[in-house]
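Enquirer: Coordinates in input.txt, compact mmCIF, C-alpha atoms, are listed below.
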# COMPACT_ATOMS: atom_id res chain seq x y z
CA MET U 1 3.01 -24.58 0.88
CA GLY U 2 -0.63 -25.01 -0.03
CA GLY U 3 -1.81 -22.18 2.19
CA PRO U 4 -2.99 -18.62 1.69
CA GLN U 5 -1.23 -16.19 -0.62
CA ALA U 6 1.01 -14.21 1.71
CA GLY U 7 4.37 -12.53 1.62
CA ILE U 8 6.71 -12.65 4.58
CA LEU U 9 9.43 -10.08 5.17
CA ALA U 10 12.51 -11.49 6.83
CA GLY U 11 16.11 -10.42 7.03
CA ASP U 12 18.09 -7.37 8.06
CA PRO U 13 16.19 -5.53 10.84
CA GLY U 14 17.13 -2.11 9.44
CA LEU U 15 15.83 -2.99 5.99
CA ILE U 16 12.63 -4.45 7.45
CA ALA U 17 12.09 -1.24 9.47
CA ARG U 18 12.48 0.85 6.27
CA LEU U 19 10.04 -1.38 4.40
CA ARG U 20 7.48 -1.10 7.22
CA ARG U 21 7.56 2.72 6.93
CA ASN U 22 6.69 2.57 3.22
CA PRO U 23 3.03 3.55 2.58
CA LEU U 24 2.55 0.39 0.51
CA PHE U 25 3.27 -1.73 3.59
CA ARG U 26 0.00 -0.62 5.19
CA ALA U 27 -1.96 -1.17 1.97
CA LEU U 28 -0.52 -4.64 1.38
CA ARG U 29 -0.24 -5.97 4.92
CA LEU U 30 -2.02 -9.16 5.85
CA ASP U 31 -5.20 -9.17 7.86
CA LYS U 32 -5.92 -11.35 10.87
CA LEU U 33 -7.72 -14.02 8.82
CA ILE U 34 -4.73 -14.51 6.50
CA TYR U 35 -2.38 -14.69 9.50
CA GLN U 36 -4.64 -17.34 11.05
CA ALA U 37 -4.79 -19.39 7.82
CA LEU U 38 -1.01 -19.08 7.42
CA GLU U 39 -0.46 -20.22 11.03
CA VAL U 40 -2.72 -23.25 10.59
CA THR U 41 -1.01 -24.20 7.32
CA LEU U 42 2.49 -23.86 8.79
CA ARG U 43 1.50 -25.87 11.89
CA ASN U 44 0.11 -28.67 9.70
CA LEU U 45 3.29 -28.66 7.60
CA VAL U 46 5.56 -28.86 10.66
CA LEU U 47 3.44 -31.68 12.14
CA GLU U 48 3.30 -33.43 8.73
CA ARG U 49 -0.50 -33.45 8.71
CA TRP U 50 -0.66 -33.36 4.91
CA ASP U 51 -4.36 -34.23 4.65
CA GLU U 52 -5.23 -31.13 6.69
CA ILE U 53 -3.93 -28.88 3.88
CA PRO U 54 -6.55 -28.94 1.10
CA ALA U 55 -4.16 -28.03 -1.75
CA ILE U 56 -1.68 -30.76 -0.78
CA ARG U 57 -4.50 -33.27 -0.27
CA MET U 58 -5.82 -32.48 -3.77
CA ILE U 59 -2.39 -32.72 -5.40
CA SER U 60 -1.58 -36.01 -3.67
CA GLN U 61 -4.78 -37.84 -4.73
CA SER U 62 -3.84 -40.85 -6.82
CA SER U 63 -5.08 -41.33 -10.35
CA GLU U 64 -6.78 -44.55 -9.22
CA GLU U 65 -8.66 -42.77 -6.43
CA LEU U 66 -9.83 -40.13 -8.91
CA ARG U 67 -10.93 -42.83 -11.38
CA LEU U 68 -13.06 -44.53 -8.71
CA ARG U 69 -14.61 -41.24 -7.58
CA SER U 70 -15.30 -40.25 -11.21
CA GLU U 71 -16.95 -43.59 -11.98
CA LYS U 72 -19.16 -43.27 -8.89
CA LEU U 73 -20.18 -39.74 -9.80
CA HIS U 74 -20.76 -40.79 -13.44
CA ARG U 75 -23.34 -43.35 -12.27
CA GLN U 76 -25.26 -40.47 -10.65
CA LEU U 77 -25.44 -38.74 -14.04
CA ASP U 78 -27.50 -41.51 -15.65
CA GLY U 79 -29.58 -40.24 -18.53
CA LEU U 80 -26.98 -37.64 -19.51
CA ARG U 81 -24.43 -38.05 -22.28
CA ALA U 82 -21.48 -38.26 -19.92
CA ALA U 83 -18.32 -40.35 -19.83
CA VAL U 84 -15.32 -40.90 -17.61
CA THR U 85 -12.15 -40.11 -19.54
CA GLU U 86 -8.47 -40.11 -18.74
CA GLY U 87 -6.95 -36.66 -18.65
CA SER U 88 -4.73 -34.44 -16.59
CA SER U 89 -4.92 -31.83 -13.87
CA VAL U 90 -2.63 -28.84 -14.05
CA ILE U 91 -1.20 -27.54 -10.81
CA GLY U 92 -1.47 -23.76 -10.52
CA GLY U 93 1.26 -21.22 -9.92
CA GLY U 94 3.74 -21.19 -7.12
CA SER U 95 6.64 -23.62 -7.38
CA THR U 96 5.03 -25.90 -10.00
CA PRO U 97 3.29 -23.76 -12.63
CA GLY U 98 1.69 -25.86 -15.33
CA GLN U 99 2.93 -29.21 -14.01
CA PRO U 100 0.41 -31.86 -15.16
CA LEU U 101 -0.84 -34.72 -13.00
CA ARG U 102 -2.60 -37.79 -14.41
CA SER U 103 -6.31 -37.62 -13.65
CA TRP U 104 -9.76 -38.88 -14.62
CA LEU U 105 -12.43 -36.48 -15.80
CA ILE U 106 -16.19 -36.40 -16.16
CA ALA U 107 -16.88 -35.32 -19.76
CA ILE U 108 -20.35 -34.04 -20.69
CA ASP U 109 -21.61 -33.93 -24.29
CA CYS U 110 -24.23 -31.25 -24.85
CA PRO U 111 -25.59 -29.27 -27.78
CA ASP U 112 -24.12 -25.92 -26.64
CA VAL U 113 -21.07 -26.56 -24.49
CA GLU U 114 -20.29 -22.85 -24.00
CA ALA U 115 -23.80 -22.11 -22.73
CA MET U 116 -23.64 -25.07 -20.33
CA GLU U 117 -20.23 -23.96 -19.06
CA ARG U 118 -21.63 -20.47 -18.47
CA ARG U 119 -24.72 -21.83 -16.63
CA CYS U 120 -22.47 -23.93 -14.37
CA ARG U 121 -20.22 -20.97 -13.64
CA LEU U 122 -23.22 -18.73 -12.83
CA SER U 123 -25.00 -21.35 -10.72
CA GLU U 124 -25.24 -21.35 -6.94
CA PRO U 125 -22.69 -22.51 -5.96
CA PRO U 126 -20.58 -21.59 -8.98
CA VAL U 127 -18.99 -24.62 -10.67
CA VAL U 128 -16.03 -24.19 -12.99
CA GLY U 129 -15.39 -26.77 -15.66
CA ARG U 130 -13.27 -26.57 -18.78
CA ILE U 131 -14.03 -27.19 -22.42
CA GLU U 132 -11.95 -29.90 -24.12
CA ASP U 133 -12.64 -31.51 -27.48
CA GLY U 134 -16.10 -29.94 -27.64
CA ARG U 135 -17.15 -31.34 -24.26
CA LEU U 136 -17.47 -29.80 -20.82
CA VAL U 137 -15.15 -31.60 -18.40
CA PHE U 138 -14.94 -31.63 -14.63
CA ASP U 139 -11.88 -32.75 -12.70
CA LEU U 140 -12.72 -34.20 -9.29
CA ARG U 141 -9.21 -33.44 -8.05
CA THR U 142 -10.52 -30.01 -7.04
CA VAL U 143 -13.87 -31.21 -5.71
CA LEU U 144 -14.11 -32.29 -2.09
CA ALA U 145 -15.99 -35.55 -1.48
CA ASN U 146 -18.74 -33.72 0.42
CA GLU U 147 -19.27 -31.44 -2.62
CA GLU U 148 -19.95 -34.22 -5.14
CA GLU U 149 -23.72 -34.31 -4.60
CA GLU U 150 -23.92 -30.56 -5.19
CA LEU U 151 -21.81 -30.93 -8.35
CA VAL U 152 -24.25 -33.52 -9.72
CA ARG U 153 -27.17 -31.17 -8.96
CA VAL U 154 -25.50 -28.24 -10.75
CA ILE U 155 -24.57 -30.34 -13.81
CA ARG U 156 -28.12 -31.71 -14.12
CA ALA U 157 -29.66 -28.25 -13.73
CA ALA U 158 -27.26 -26.71 -16.27
CA ILE U 159 -27.86 -29.33 -18.93
CA LEU U 160 -31.64 -29.35 -18.47
CA GLU U 161 -32.01 -25.56 -18.32
CA PRO U 162 -33.23 -24.13 -21.61
CA GLY U 163 -30.65 -22.37 -23.74
Write out the structure in this file as structure tokens.
Expert:
Amino acid sequence: MGGPQAGILAGDPGLIARLRRNPLFRALRLDKLIYQALEVTLRNLVLERWDEIPAIRMISQSSEELRLRSEKLHRQLDGLRAAVTEGSSVIGGGSTPGQPLRSWLIAIDCPDVEAMERRCRLSEPPVVGRIEDGRLVFDLRTVLANEEEELVRVIRAAILEPG
């Protein structure tokens, strides 16, 4: 559904009553914030407001849109050994585990790719890339448009930071 991780008990009222008496029910029950996020997600699904659900918005971005965004961000990385390359995004768990989607990636060449990946991950805010073919790559499918400037800042800081 693209919303919060949440389980919903439905079915036979007697069985539900027995489950609610189990001590694990209290430990695993949802809090008010999860209920709120679940309500908002379900309302957006019913009203077919797909762009209001971040996971669905990310999954539904076209390869062409991602290519244009990647090229624009690449221009902001002038002076770095970076390239826009065709690749794929992998949708997480749920109903489509491991299903690839065509994407465009920002690939960074650097002397110590593992150290740069670590610096990005430990930055503020943390940025998670992946290592492919000896390069650190970033997939804009999971980056909101208003986060792109911050991503550029983190990449520049990570590559320029000493070892």
Enquirer: Can you pull out every residue within 9 Å of segment 140-152 of chain U, counting all atoms listed in the file, but drop anything in the same chain fewer than 2 positions away, and send it as a ChimeraX atom specification?
Expert: /U:54-55,58-59,61,66,69-70,73-74,76-77,89,103-106,125,127,138,154-157
Enquirer: What would the file look like if the residues just selected were written as an mmCIF file, keeping the file's coordinate frame with C-alpha atoms?
Expert:
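The resulting file, again_4.cif, is reproduced below:
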data_model
loop_
_atom_site.group_PDB
_atom_site.id
_atom_site.type_symbol
_atom_site.label_atom_id
_atom_site.label_comp_id
_atom_site.auth_asym_id
_atom_site.auth_seq_id
_atom_site.Cartn_x
_atom_site.Cartn_y
_atom_site.Cartn_z
ATOM 1 C CA PRO U 54 -6.550 -28.940 1.100
ATOM 2 C CA ALA U 55 -4.160 -28.030 -1.750
ATOM 3 C CA MET U 58 -5.820 -32.480 -3.770
ATOM 4 C CA ILE U 59 -2.390 -32.720 -5.400
ATOM 5 C CA GLN U 61 -4.780 -37.840 -4.730
ATOM 6 C CA LEU U 66 -9.830 -40.130 -8.910
ATOM 7 C CA ARG U 69 -14.610 -41.240 -7.580
ATOM 8 C CA SER U 70 -15.300 -40.250 -11.210
ATOM 9 C CA LEU U 73 -20.180 -39.740 -9.800
ATOM 10 C CA HIS U 74 -20.760 -40.790 -13.440
ATOM 11 C CA GLN U 76 -25.260 -40.470 -10.650
ATOM 12 C CA LEU U 77 -25.440 -38.740 -14.040
ATOM 13 C CA SER U 89 -4.920 -31.830 -13.870
ATOM 14 C CA SER U 103 -6.310 -37.620 -13.650
ATOM 15 C CA TRP U 104 -9.760 -38.880 -14.620
ATOM 16 C CA LEU U 105 -12.430 -36.480 -15.800
ATOM 17 C CA ILE U 106 -16.190 -36.400 -16.160
ATOM 18 C CA PRO U 125 -22.690 -22.510 -5.960
ATOM 19 C CA VAL U 127 -18.990 -24.620 -10.670
ATOM 20 C CA PHE U 138 -14.940 -31.630 -14.630
ATOM 21 C CA VAL U 154 -25.500 -28.240 -10.750
ATOM 22 C CA ILE U 155 -24.570 -30.340 -13.810
ATOM 23 C CA ARG U 156 -28.120 -31.710 -14.120
ATOM 24 C CA ALA U 157 -29.660 -28.250 -13.730
#
Enquirer: What separation in Å, quoted to one decimal, exists between atom CA of Pro4 of chain U and atom CA of Leu30 of chain U?
Expert: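 For atom CA of Pro4 of chain U relative to atom CA of Leu30 of chain U, the distance reads 10.4 Å.
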Enquirer: Record the distance separating atom CA of Arg29 of chain U and atom CA of Leu9 of chain U, expressed in Å with one decimal.
Expert: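 So the two atoms, atom CA of Arg29 of chain U and atom CA of Leu9 of chain U, lie 10.5 Å apart.
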Enquirer: Using only C-alpha atoms, determine which residues lie at most 8 Å from segment 42-53 of chain U, disregarding the query and same-chain residues fewer than 4 positions distant; provide the list as a compact mmCIF listing (two decimals) with C-alpha atoms, in the frame of the given file.
Expert:
# COMPACT_ATOMS: atom_id res chain seq x y z
CA MET U 1 3.01 -24.58 0.88
CA GLY U 2 -0.63 -25.01 -0.03
CA GLY U 3 -1.81 -22.18 2.19
CA LEU U 38 -1.01 -19.08 7.42
CA ARG U 57 -4.50 -33.27 -0.27
Enquirer: In Å to one decimal, how far is atom CA of Gln5 of chain U from atom CA of Leu101 of chain U?
Expert: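 Taking atom CA of Leu101 of chain U as the start and atom CA of Gln5 of chain U as the end point, the length is 22.3 Å.
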Enquirer: Mind checking which residues fall within 10 Å of Glu114 of chain U, counting only C-alpha atoms, ignoring those fewer than 4 positions away in the same chain, and posting them as a list in words?
Expert: Cys110, Arg118, Arg119, Cys120, Arg130, Ile131, Gly134, Arg135 and Leu136 of chain U
Enquirer: Please save C-alpha atoms of the selected residues as a compact mmCIF listing (two decimals), keeping the file's coordinate frame.
Expert:
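Written file, part_13.txt:
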# COMPACT_ATOMS: atom_id res chain seq x y z
CA CYS U 110 -24.23 -31.25 -24.85
CA ARG U 118 -21.63 -20.47 -18.47
CA ARG U 119 -24.72 -21.83 -16.63
CA CYS U 120 -22.47 -23.93 -14.37
CA ARG U 130 -13.27 -26.57 -18.78
CA ILE U 131 -14.03 -27.19 -22.42
CA GLY U 134 -16.10 -29.94 -27.64
CA ARG U 135 -17.15 -31.34 -24.26
CA LEU U 136 -17.47 -29.80 -20.82
